[in-house]
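Undergrad: Next comes data.tsv, TSV, C-alpha atoms:
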chain	number	residue	atom	x	y	z
A	50	MET	CA	-52.50	11.81	-17.58
A	51	LYS	CA	-49.80	13.36	-15.45
A	52	GLU	CA	-48.28	16.45	-17.01
A	53	ASN	CA	-44.55	16.29	-17.51
A	54	HIS	CA	-43.59	19.61	-15.92
A	55	THR	CA	-40.22	20.98	-16.92
A	56	PRO	CA	-38.94	23.90	-14.83
A	57	LYS	CA	-38.45	26.97	-16.93
A	58	LEU	CA	-35.74	28.54	-14.82
A	59	SER	CA	-32.32	26.99	-14.88
A	60	GLU	CA	-30.34	26.19	-11.75
A	61	ASP	CA	-28.06	29.11	-12.53
A	62	ASP	CA	-31.04	31.46	-12.70
A	63	VAL	CA	-32.16	30.27	-9.28
A	64	SER	CA	-28.69	30.78	-7.86
A	65	ARG	CA	-28.54	34.29	-9.33
A	66	LEU	CA	-31.88	35.19	-7.82
A	67	LEU	CA	-30.88	33.80	-4.42
A	68	ARG	CA	-27.69	35.85	-4.43
A	69	PHE	CA	-29.81	39.00	-4.16
A	70	LYS	CA	-30.70	37.96	-0.65
A	71	ARG	CA	-27.19	38.97	0.35
A	72	TYR	CA	-28.38	42.55	0.17
A	73	GLU	CA	-30.95	42.13	2.92
A	74	MET	CA	-29.37	43.92	5.85
A	75	PRO	CA	-30.35	44.40	9.50
A	76	PRO	CA	-31.13	47.95	10.66
A	77	PRO	CA	-28.10	50.30	10.91
A	78	GLY	CA	-26.21	49.92	14.17
A	79	PHE	CA	-27.60	46.45	14.77
A	80	HIS	CA	-24.24	44.74	15.21
A	81	GLU	CA	-22.94	47.38	17.67
A	82	ASP	CA	-26.11	47.07	19.72
A	83	PHE	CA	-25.88	43.32	19.45
A	84	LEU	CA	-22.48	43.25	21.17
A	85	ARG	CA	-23.69	45.55	23.96
A	86	GLU	CA	-26.74	43.34	24.49
A	87	PHE	CA	-24.52	40.25	24.53
A	88	GLN	CA	-22.23	41.79	27.15
A	89	ARG	CA	-25.23	42.81	29.28
A	90	ARG	CA	-26.61	39.27	29.18
A	91	GLN	CA	-23.22	37.82	30.07
A	92	ARG	CA	-22.96	40.11	33.10
A	93	LEU	CA	-26.40	38.96	34.23
A	94	GLU	CA	-25.34	35.38	33.67
A	95	SER	CA	-22.22	35.80	35.80
A	96	MET	CA	-24.29	37.29	38.64
A	97	ARG	CA	-26.31	34.12	38.99
A	98	PRO	CA	-25.71	32.40	42.34
A	99	ASN	CA	-23.91	29.21	41.40
A	100	TRP	CA	-23.85	26.19	39.16
A	101	TRP	CA	-26.43	24.43	41.34
A	102	GLN	CA	-28.89	27.22	40.67
A	103	ARG	CA	-28.21	26.92	36.96
A	104	PHE	CA	-28.66	23.17	37.14
A	105	LYS	CA	-32.00	23.58	38.88
A	106	GLU	CA	-33.11	26.06	36.27
A	107	ALA	CA	-32.08	23.70	33.50
A	108	VAL	CA	-34.03	20.86	35.10
A	109	GLU	CA	-37.06	23.09	35.55
A	110	GLU	CA	-36.81	24.09	31.93
A	111	VAL	CA	-36.79	20.45	30.85
A	112	LEU	CA	-39.71	19.64	33.12
A	113	ASP	CA	-41.62	22.59	31.72
A	114	ARG	CA	-41.17	21.14	28.26
A	115	VAL	CA	-42.32	17.69	29.33
A	116	ARG	CA	-45.97	18.13	30.18
A	117	VAL	CA	-47.20	15.25	32.34
A	118	PRO	CA	-50.98	14.79	32.08
A	119	GLY	CA	-53.05	14.70	35.27
A	120	TYR	CA	-54.15	11.12	34.77
A	121	ALA	CA	-50.51	10.03	34.89
A	122	TYR	CA	-50.23	11.33	38.46
A	123	ALA	CA	-53.54	9.62	39.33
A	124	THR	CA	-52.29	6.33	37.89
A	125	VAL	CA	-49.06	6.51	39.87
A	126	GLY	CA	-51.05	7.31	43.04
A	127	LEU	CA	-53.39	4.38	42.52
A	128	PHE	CA	-50.47	2.07	41.86
A	129	ALA	CA	-48.79	3.20	45.08
A	130	VAL	CA	-51.98	2.58	47.12
A	131	ALA	CA	-52.54	-0.81	45.50
A	132	SER	CA	-48.92	-1.82	46.13
A	133	GLY	CA	-49.19	-0.79	49.78
A	134	ALA	CA	-52.41	-2.75	50.23
A	135	TRP	CA	-50.89	-5.82	48.59
A	136	ILE	CA	-47.79	-5.69	50.79
A	137	MET	CA	-49.88	-5.37	53.96
A	138	SER	CA	-52.20	-8.23	52.97
A	139	SER	CA	-49.23	-10.48	52.19
A	140	ASP	CA	-47.86	-9.74	55.69
A	141	GLU	CA	-51.18	-10.85	57.26
A	142	ILE	CA	-51.18	-14.08	55.26
A	143	GLY	CA	-47.69	-14.81	56.47
A	144	VAL	CA	-48.70	-14.38	60.16
A	145	ALA	CA	-51.81	-16.54	59.77
A	146	GLY	CA	-49.85	-19.25	58.05
A	147	SER	CA	-47.31	-19.36	60.83
A	148	GLN	CA	-49.89	-20.21	63.51
A	149	PRO	CA	-50.21	-23.94	62.76
A	150	VAL	CA	-46.45	-24.19	62.90
A	151	ALA	CA	-46.53	-22.71	66.39
A	152	LEU	CA	-49.16	-25.19	67.48
A	153	ALA	CA	-47.28	-28.05	65.98
A	154	ALA	CA	-44.29	-27.05	68.04
A	155	ALA	CA	-46.18	-27.57	71.26
A	156	PRO	CA	-44.56	-30.03	73.67
A	157	ALA	CA	-45.40	-33.68	73.14
A	158	PRO	CA	-47.96	-35.03	75.55
A	159	SER	CA	-46.50	-36.90	78.45
A	160	GLN	CA	-47.13	-40.55	78.86
A	161	GLU	CA	-48.65	-40.03	82.28
A	162	LEU	CA	-51.22	-37.51	81.14
A	163	LYS	CA	-52.80	-37.80	77.73
A	164	LEU	CA	-54.83	-34.92	76.50
A	165	GLU	CA	-57.27	-34.91	73.63
A	166	LEU	CA	-58.57	-31.81	72.02
A	167	THR	CA	-62.31	-31.85	71.71
A	168	SER	CA	-62.67	-28.48	70.08
A	169	THR	CA	-60.66	-26.16	67.88
A	170	PRO	CA	-57.83	-24.43	69.61
A	171	GLN	CA	-58.65	-21.06	71.03
A	172	THR	CA	-56.63	-18.34	72.52
A	173	VAL	CA	-56.10	-19.18	76.14
A	174	LEU	CA	-56.76	-16.36	78.46
A	175	PRO	CA	-56.07	-16.41	82.13
A	176	ASN	CA	-59.54	-17.37	83.35
A	177	PRO	CA	-60.47	-17.47	86.96
A	178	VAL	CA	-60.48	-20.89	88.55
A	179	ASN	CA	-63.58	-22.60	87.33
A	180	ILE	CA	-65.06	-24.94	89.89
A	181	PRO	CA	-67.59	-27.13	88.18
A	182	ASP	CA	-71.01	-27.48	89.68
A	183	GLN	CA	-71.07	-30.85	91.37
A	184	ARG	CA	-74.64	-31.48	90.19
A	185	LEU	CA	-73.60	-31.16	86.57
A	186	VAL	CA	-70.40	-33.08	86.75
A	187	GLY	CA	-72.07	-36.35	85.99
A	188	THR	CA	-74.14	-34.98	83.11
A	189	LEU	CA	-71.56	-32.96	81.24
A	190	PRO	CA	-69.03	-34.75	79.13
A	191	PRO	CA	-65.59	-34.43	80.55
A	192	ARG	CA	-63.43	-31.96	78.77
A	193	TYR	CA	-60.43	-34.17	79.14
A	194	LEU	CA	-60.11	-37.91	79.44
A	195	LEU	CA	-57.64	-38.60	82.15
A	196	GLN	CA	-55.88	-41.87	82.82
A	197	SER	CA	-55.74	-41.15	86.52
A	198	ARG	CA	-58.62	-40.14	88.70
A	199	PRO	CA	-58.97	-36.48	89.44
A	200	ALA	CA	-58.22	-35.49	92.98
A	201	SER	CA	-61.70	-34.14	93.41
A	202	GLU	CA	-63.13	-37.64	92.90
A	203	GLN	CA	-60.76	-39.40	95.25
A	204	GLU	CA	-61.73	-40.48	98.70
A	205	PRO	CA	-60.91	-37.96	101.31
A	206	PHE	CA	-58.05	-38.73	103.56
A	207	SER	CA	-58.85	-40.12	106.92
A	208	PHE	CA	-56.36	-40.14	109.71
B	200	MET	CA	-12.30	47.22	18.63
B	201	ASP	CA	-8.64	47.40	19.48
B	202	GLU	CA	-7.78	44.02	18.02
B	203	ALA	CA	-5.72	43.86	14.88
B	204	PRO	CA	-7.97	42.72	12.08
B	205	ASP	CA	-5.62	39.88	11.23
B	206	THR	CA	-5.47	38.39	14.72
B	207	PRO	CA	-6.10	34.72	14.06
B	208	ASP	CA	-9.16	33.07	15.53
B	209	THR	CA	-6.98	30.55	17.31
B	210	GLU	CA	-5.29	33.30	19.30
B	211	LEU	CA	-8.60	34.89	20.26
B	212	VAL	CA	-9.93	31.47	21.27
B	213	ALA	CA	-6.85	30.82	23.42
B	214	ARG	CA	-7.20	34.18	25.12
B	215	THR	CA	-10.90	33.57	25.75
B	216	LYS	CA	-10.07	30.21	27.30
B	217	ALA	CA	-7.49	31.96	29.48
B	218	GLY	CA	-10.24	34.23	30.82
B	219	ASP	CA	-10.06	37.30	28.60
B	220	PRO	CA	-13.66	38.22	27.72
B	221	SER	CA	-12.58	41.01	25.36
B	222	ALA	CA	-11.12	38.35	23.06
B	223	PHE	CA	-14.53	36.76	22.77
B	224	ASP	CA	-16.05	40.19	22.10
B	225	GLU	CA	-13.76	40.40	19.11
B	226	LEU	CA	-14.99	37.01	17.91
B	227	VAL	CA	-18.58	38.23	18.29
B	228	ILE	CA	-17.82	41.29	16.18
B	229	ARG	CA	-16.05	39.16	13.62
B	230	TYR	CA	-18.72	36.49	13.28
B	231	SER	CA	-22.04	38.18	14.03
B	232	PRO	CA	-22.62	39.62	10.51
B	233	ARG	CA	-21.98	36.30	8.83
B	234	LEU	CA	-23.96	34.25	11.34
B	235	TYR	CA	-26.73	36.83	11.21
B	236	GLY	CA	-27.04	36.19	7.47
B	237	LEU	CA	-27.12	32.43	8.03
B	238	VAL	CA	-29.83	32.52	10.71
B	239	TYR	CA	-31.86	35.27	9.07
B	240	ASN	CA	-32.03	33.48	5.73
B	241	MET	CA	-33.13	30.31	7.49
B	242	THR	CA	-35.85	32.01	9.58
B	243	SER	CA	-36.89	35.01	7.43
B	244	ASN	CA	-37.52	36.87	10.67
B	245	HIS	CA	-35.29	39.60	12.09
B	246	GLU	CA	-36.48	39.35	15.73
B	247	ASP	CA	-36.09	35.58	15.85
B	248	THR	CA	-32.64	35.96	14.33
B	249	ASN	CA	-31.59	38.44	17.00
B	250	ASP	CA	-32.74	36.15	19.84
B	251	LEU	CA	-31.19	33.07	18.27
B	252	LEU	CA	-27.91	34.82	17.66
B	253	GLN	CA	-27.69	35.89	21.31
B	254	GLU	CA	-28.31	32.30	22.37
B	255	ILE	CA	-25.77	30.97	19.88
B	256	PHE	CA	-22.96	33.24	21.10
B	257	ALA	CA	-23.87	32.64	24.74
B	258	LYS	CA	-23.75	28.90	24.17
B	259	ALA	CA	-20.41	29.19	22.37
B	260	TYR	CA	-18.99	31.28	25.22
B	261	ARG	CA	-20.06	28.70	27.79
B	262	ALA	CA	-18.74	25.81	25.70
B	263	ILE	CA	-15.50	27.31	24.44
B	264	GLY	CA	-13.55	25.74	27.31
B	265	GLY	CA	-14.37	22.35	25.84
B	266	PHE	CA	-13.65	23.36	22.25
B	267	GLN	CA	-10.79	21.01	21.30
B	268	GLU	CA	-10.01	22.80	18.02
B	269	LYS	CA	-10.27	19.64	15.93
B	270	SER	CA	-12.17	21.83	13.48
B	271	SER	CA	-11.74	25.55	12.88
B	272	PHE	CA	-13.55	28.04	15.09
B	273	TYR	CA	-15.43	29.10	11.95
B	274	THR	CA	-16.81	25.58	11.44
B	275	TRP	CA	-17.52	25.14	15.13
B	276	MET	CA	-19.50	28.40	15.36
B	277	HIS	CA	-21.45	27.63	12.20
B	278	THR	CA	-22.27	24.16	13.50
B	279	ILE	CA	-23.69	25.62	16.71
B	280	ALA	CA	-25.66	28.19	14.72
B	281	VAL	CA	-27.11	25.69	12.24
B	282	ASN	CA	-28.05	23.15	14.91
B	283	ARG	CA	-29.66	25.76	17.15
B	284	THR	CA	-31.60	27.26	14.24
B	285	LEU	CA	-32.76	23.87	12.96
B	286	ASN	CA	-33.94	23.03	16.47
B	287	PHE	CA	-35.80	26.34	16.63
B	288	LEU	CA	-37.42	25.77	13.24
B	289	LYS	CA	-38.47	22.28	14.26
B	290	LYS	CA	-40.30	23.67	17.27
B	291	ARG	CA	-41.74	26.60	15.34
B	292	GLY	CA	-43.26	24.28	12.76
B	293	ARG	CA	-45.36	25.90	10.11
B	294	SER	CA	-46.49	28.86	12.20
B	295	TYR	CA	-44.17	31.70	11.36
B	296	ASN	CA	-44.15	35.41	10.75
B	297	ILE	CA	-42.04	36.89	8.03
B	298	SER	CA	-40.19	39.97	9.24
B	299	LEU	CA	-37.90	41.04	6.45
B	300	ASN	CA	-35.02	43.45	6.54
B	301	ASP	CA	-34.53	46.25	4.11
B	302	VAL	CA	-32.54	45.56	1.01
B	303	ASP	CA	-29.28	47.42	0.93
B	304	ALA	CA	-29.24	50.18	-1.66
B	305	ALA	CA	-25.97	48.75	-2.91
B	306	VAL	CA	-27.96	46.20	-4.83
B	307	GLU	CA	-28.71	48.92	-7.37
B	308	ASN	CA	-25.04	48.84	-8.33
B	309	ASP	CA	-24.78	45.09	-8.51
B	310	PRO	CA	-24.03	44.20	-12.15
B	311	GLU	CA	-26.22	41.14	-11.95
B	312	PHE	CA	-29.12	43.15	-10.62
B	313	ILE	CA	-28.63	45.76	-13.33
B	314	GLU	CA	-28.62	42.99	-15.87
B	315	LEU	CA	-31.68	41.42	-14.30
B	316	THR	CA	-33.71	44.61	-14.41
B	317	SER	CA	-32.52	45.99	-17.73
B	318	THR	CA	-32.42	43.01	-20.03
B	319	PRO	CA	-35.36	40.84	-20.84
B	320	ASP	CA	-33.55	37.57	-20.65
B	321	PRO	CA	-33.53	35.26	-18.75
B	322	VAL	CA	-35.51	36.69	-15.87
B	323	ARG	CA	-38.31	39.15	-16.23
B	324	GLU	CA	-37.99	42.64	-14.85
B	325	ALA	CA	-39.08	42.51	-11.25
B	326	ASN	CA	-39.87	44.98	-8.57
B	327	LEU	CA	-37.17	44.65	-5.92
B	328	ASN	CA	-39.59	44.29	-3.00
B	329	GLU	CA	-41.66	41.78	-4.88
B	330	LEU	CA	-38.55	39.77	-5.65
B	331	GLN	CA	-37.46	39.83	-2.02
B	332	LYS	CA	-40.88	38.69	-0.83
B	333	LYS	CA	-41.08	35.88	-3.38
B	334	LEU	CA	-37.57	34.66	-2.63
B	335	ASN	CA	-38.30	34.43	1.09
B	336	GLU	CA	-41.63	32.72	0.53
B	337	ALA	CA	-39.98	30.22	-1.78
B	338	LEU	CA	-37.24	29.49	0.75
B	339	LEU	CA	-39.79	28.96	3.51
B	340	LYS	CA	-41.45	26.27	1.42
B	341	LEU	CA	-38.28	24.19	1.64
B	342	SER	CA	-37.61	21.93	4.59
B	343	PRO	CA	-35.27	23.50	7.19
B	344	LYS	CA	-32.37	21.23	6.21
B	345	HIS	CA	-32.73	22.05	2.51
B	346	ARG	CA	-33.04	25.73	3.39
B	347	ALA	CA	-29.84	25.55	5.43
B	348	VAL	CA	-27.91	24.05	2.51
B	349	VAL	CA	-29.27	26.60	0.04
B	350	THR	CA	-28.48	29.46	2.42
B	351	MET	CA	-24.90	28.35	2.93
B	352	PHE	CA	-24.22	27.48	-0.69
B	353	ASP	CA	-26.17	29.99	-2.78
B	354	ILE	CA	-26.41	32.97	-0.45
B	355	GLN	CA	-23.23	32.69	1.59
B	356	GLY	CA	-21.09	31.08	-1.07
B	357	MET	CA	-19.66	28.25	1.04
B	358	PRO	CA	-18.09	25.22	-0.68
B	359	HIS	CA	-19.77	21.83	-0.47
B	360	ALA	CA	-17.04	20.40	1.76
B	361	GLU	CA	-17.44	23.13	4.37
B	362	ILE	CA	-21.23	22.70	4.41
B	363	ALA	CA	-20.74	18.95	4.84
B	364	ARG	CA	-18.47	19.50	7.85
B	365	ILE	CA	-20.88	21.97	9.43
B	366	MET	CA	-23.91	19.72	8.98
B	367	ASN	CA	-21.96	16.53	9.74
B	368	VAL	CA	-23.09	14.83	6.54
B	369	SER	CA	-21.28	13.66	3.42
B	370	GLU	CA	-20.61	15.94	0.48
B	371	GLY	CA	-22.89	13.70	-1.56
B	372	THR	CA	-25.73	14.44	0.82
B	373	VAL	CA	-25.07	18.16	0.48
B	374	ARG	CA	-25.14	17.93	-3.33
B	375	SER	CA	-28.27	15.83	-3.24
B	376	ARG	CA	-30.06	18.29	-0.98
B	377	LEU	CA	-28.97	21.17	-3.17
B	378	PHE	CA	-30.22	19.45	-6.30
B	379	TYR	CA	-33.62	18.76	-4.75
B	380	ALA	CA	-33.89	22.28	-3.29
B	381	HIS	CA	-33.03	23.90	-6.63
B	382	ARG	CA	-35.66	21.82	-8.37
B	383	GLU	CA	-38.24	22.99	-5.86
B	384	LEU	CA	-37.17	26.61	-6.16
B	385	GLN	CA	-37.28	26.44	-9.96
B	386	ASN	CA	-40.98	25.68	-9.65
B	387	TYR	CA	-41.68	28.28	-6.97
B	388	LEU	CA	-39.85	31.04	-8.82
B	389	GLU	CA	-41.09	30.13	-12.25
B	390	GLU	CA	-42.98	33.39	-12.58
B	391	PHE	CA	-39.74	35.30	-12.80
B	392	ARG	CA	-39.01	33.70	-16.10
B	393	LYS	CA	-40.03	35.97	-18.92
B	394	PRO	CA	-42.64	34.18	-21.05
Translate the structure described by the file into structure tokens.

TA:
Amino acid sequence: MKENHTPKLSEDDVSRLLRFKRYEMPPPGFHEDFLREFQRRQRLESMRPNWWQRFKEAVEEVLDRVRVPGYAYATVGLFAVASGAWIMSSDEIGVAGSQPVALAAAPAPSQELKLELTSTPQTVLPNPVNIPDQRLVGTLPPRYLLQSRPASEQEPFSF
Amino acid sequence: MDEAPDTPDTELVARTKAGDPSAFDELVIRYSPRLYGLVYNMTSNHEDTNDLLQEIFAKAYRAIGGFQEKSSFYTWMHTIAVNRTLNFLKKRGRSYNISLNDVDAAVENDPEFIELTSTPDPVREANLNELQKKLNEALLKLSPKHRAVVTMFDIQGMPHAEIARIMNVSEGTVRSRLFYAHRELQNYLEEFRKP
């Protein structure tokens, strides 16, 4: 059973006891020294360079109080790297996706010369003139089906 | 200093705002004993009190340009002192060193002290140093806010309304904190009751 504890001292007794604390005094001469110390600190304060310096000190003081753990820096670093990688990869996707559009914009084939693609488009490089071997011409499938006869297969002119 | 003792605070504040540092020196002289008592009784440590008091006056000096005198300088200074000390106590937590001042010999002539030590009732005869130590230990068991109220009311003799203005709470809150703090102290100081 919980004991019903009644304080033996009255509130007035407590107040009377506390009033004795008024007699606790600092060492003699404390208040005179205190003013001198205050004036010395104020002189030092006024010798500081400028408000910007004070602002920087205040910020540094705040940052000193806020201790950032090492893993927080590591997390921010990883996030920055991951963001950079994502941005670069999205750029590459955009370039690759634009290629079909470029091909689709190619000029329409003329009615006189119809071309058919027999293989996937490749980057066209300036190749040297390729003269097919006449022995293989009949065996190899033509790369292009032409409506007109190539000049190489026409009868030579005779004057 | 050279100032007339009855120079009002408002005049010294105005002169400080106008750039006269000697006026603020006078305010330091005028208020340091009282604010020392406030901070010392909240910290029970002389060295901490000295450092805090320097900070409090330095802060007041920097901020006095923005002091709009909606309250008295007395209230304004006490508010700075209480807030700064509460902030310090919050950071200090439960790790503290008691560094007590000497008790002024004048206590021997205090009628209440004479009564306390010469008559058996209501408080038992106590050694002065023992009493001082027990009182400080008991105060340190209170929360900082309760200690602040007890210091201002019981030790410094401030009225409830003034304490309420300084702590920016209602008078009811002040009375409530005092009631709770006294109940706690009654238990802590029970041994001073003569059986």

Undergrad: Pick out the chain A residues within 12 Å of chain B. Count all atoms listed in the file. Give them as number ranges by chain.

TA: A: 54-95, 114

Undergrad: Can you tell me how far CA of Pro343 in chain B sits from CA of Val238 in chain B, in Å to one decimal?

TA: 11.1 Å

Undergrad: Interatomic distance between CA of Glu268 in chain B and CA of Thr206 in chain B?

TA: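 Interatomic distance here is 16.6 Å.
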
Undergrad: Suppose you want the space between CA of His345 in chain B and CA of Ala259 in chain B; what is it in Å?

TA: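 So the answer is 24.4 Å.
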
Undergrad: Write out as a VMD selection string which residues come within 10 Å of Phe272 in chain B when counting only C-alpha atoms, dropping same-chain ones fewer than 4 positions away.

TA: chain B and resid 208 to 209 211 to 212 226 263 266 to 268 276 to 278

Undergrad: Would you mind listing what lies within 8 Å of Leu251 in chain B as a VMD selection string, with all atoms listed in the file counted and same-chain residues fewer than 4 positions away left out?

TA: chain B and resid 238 247 255 283 to 284
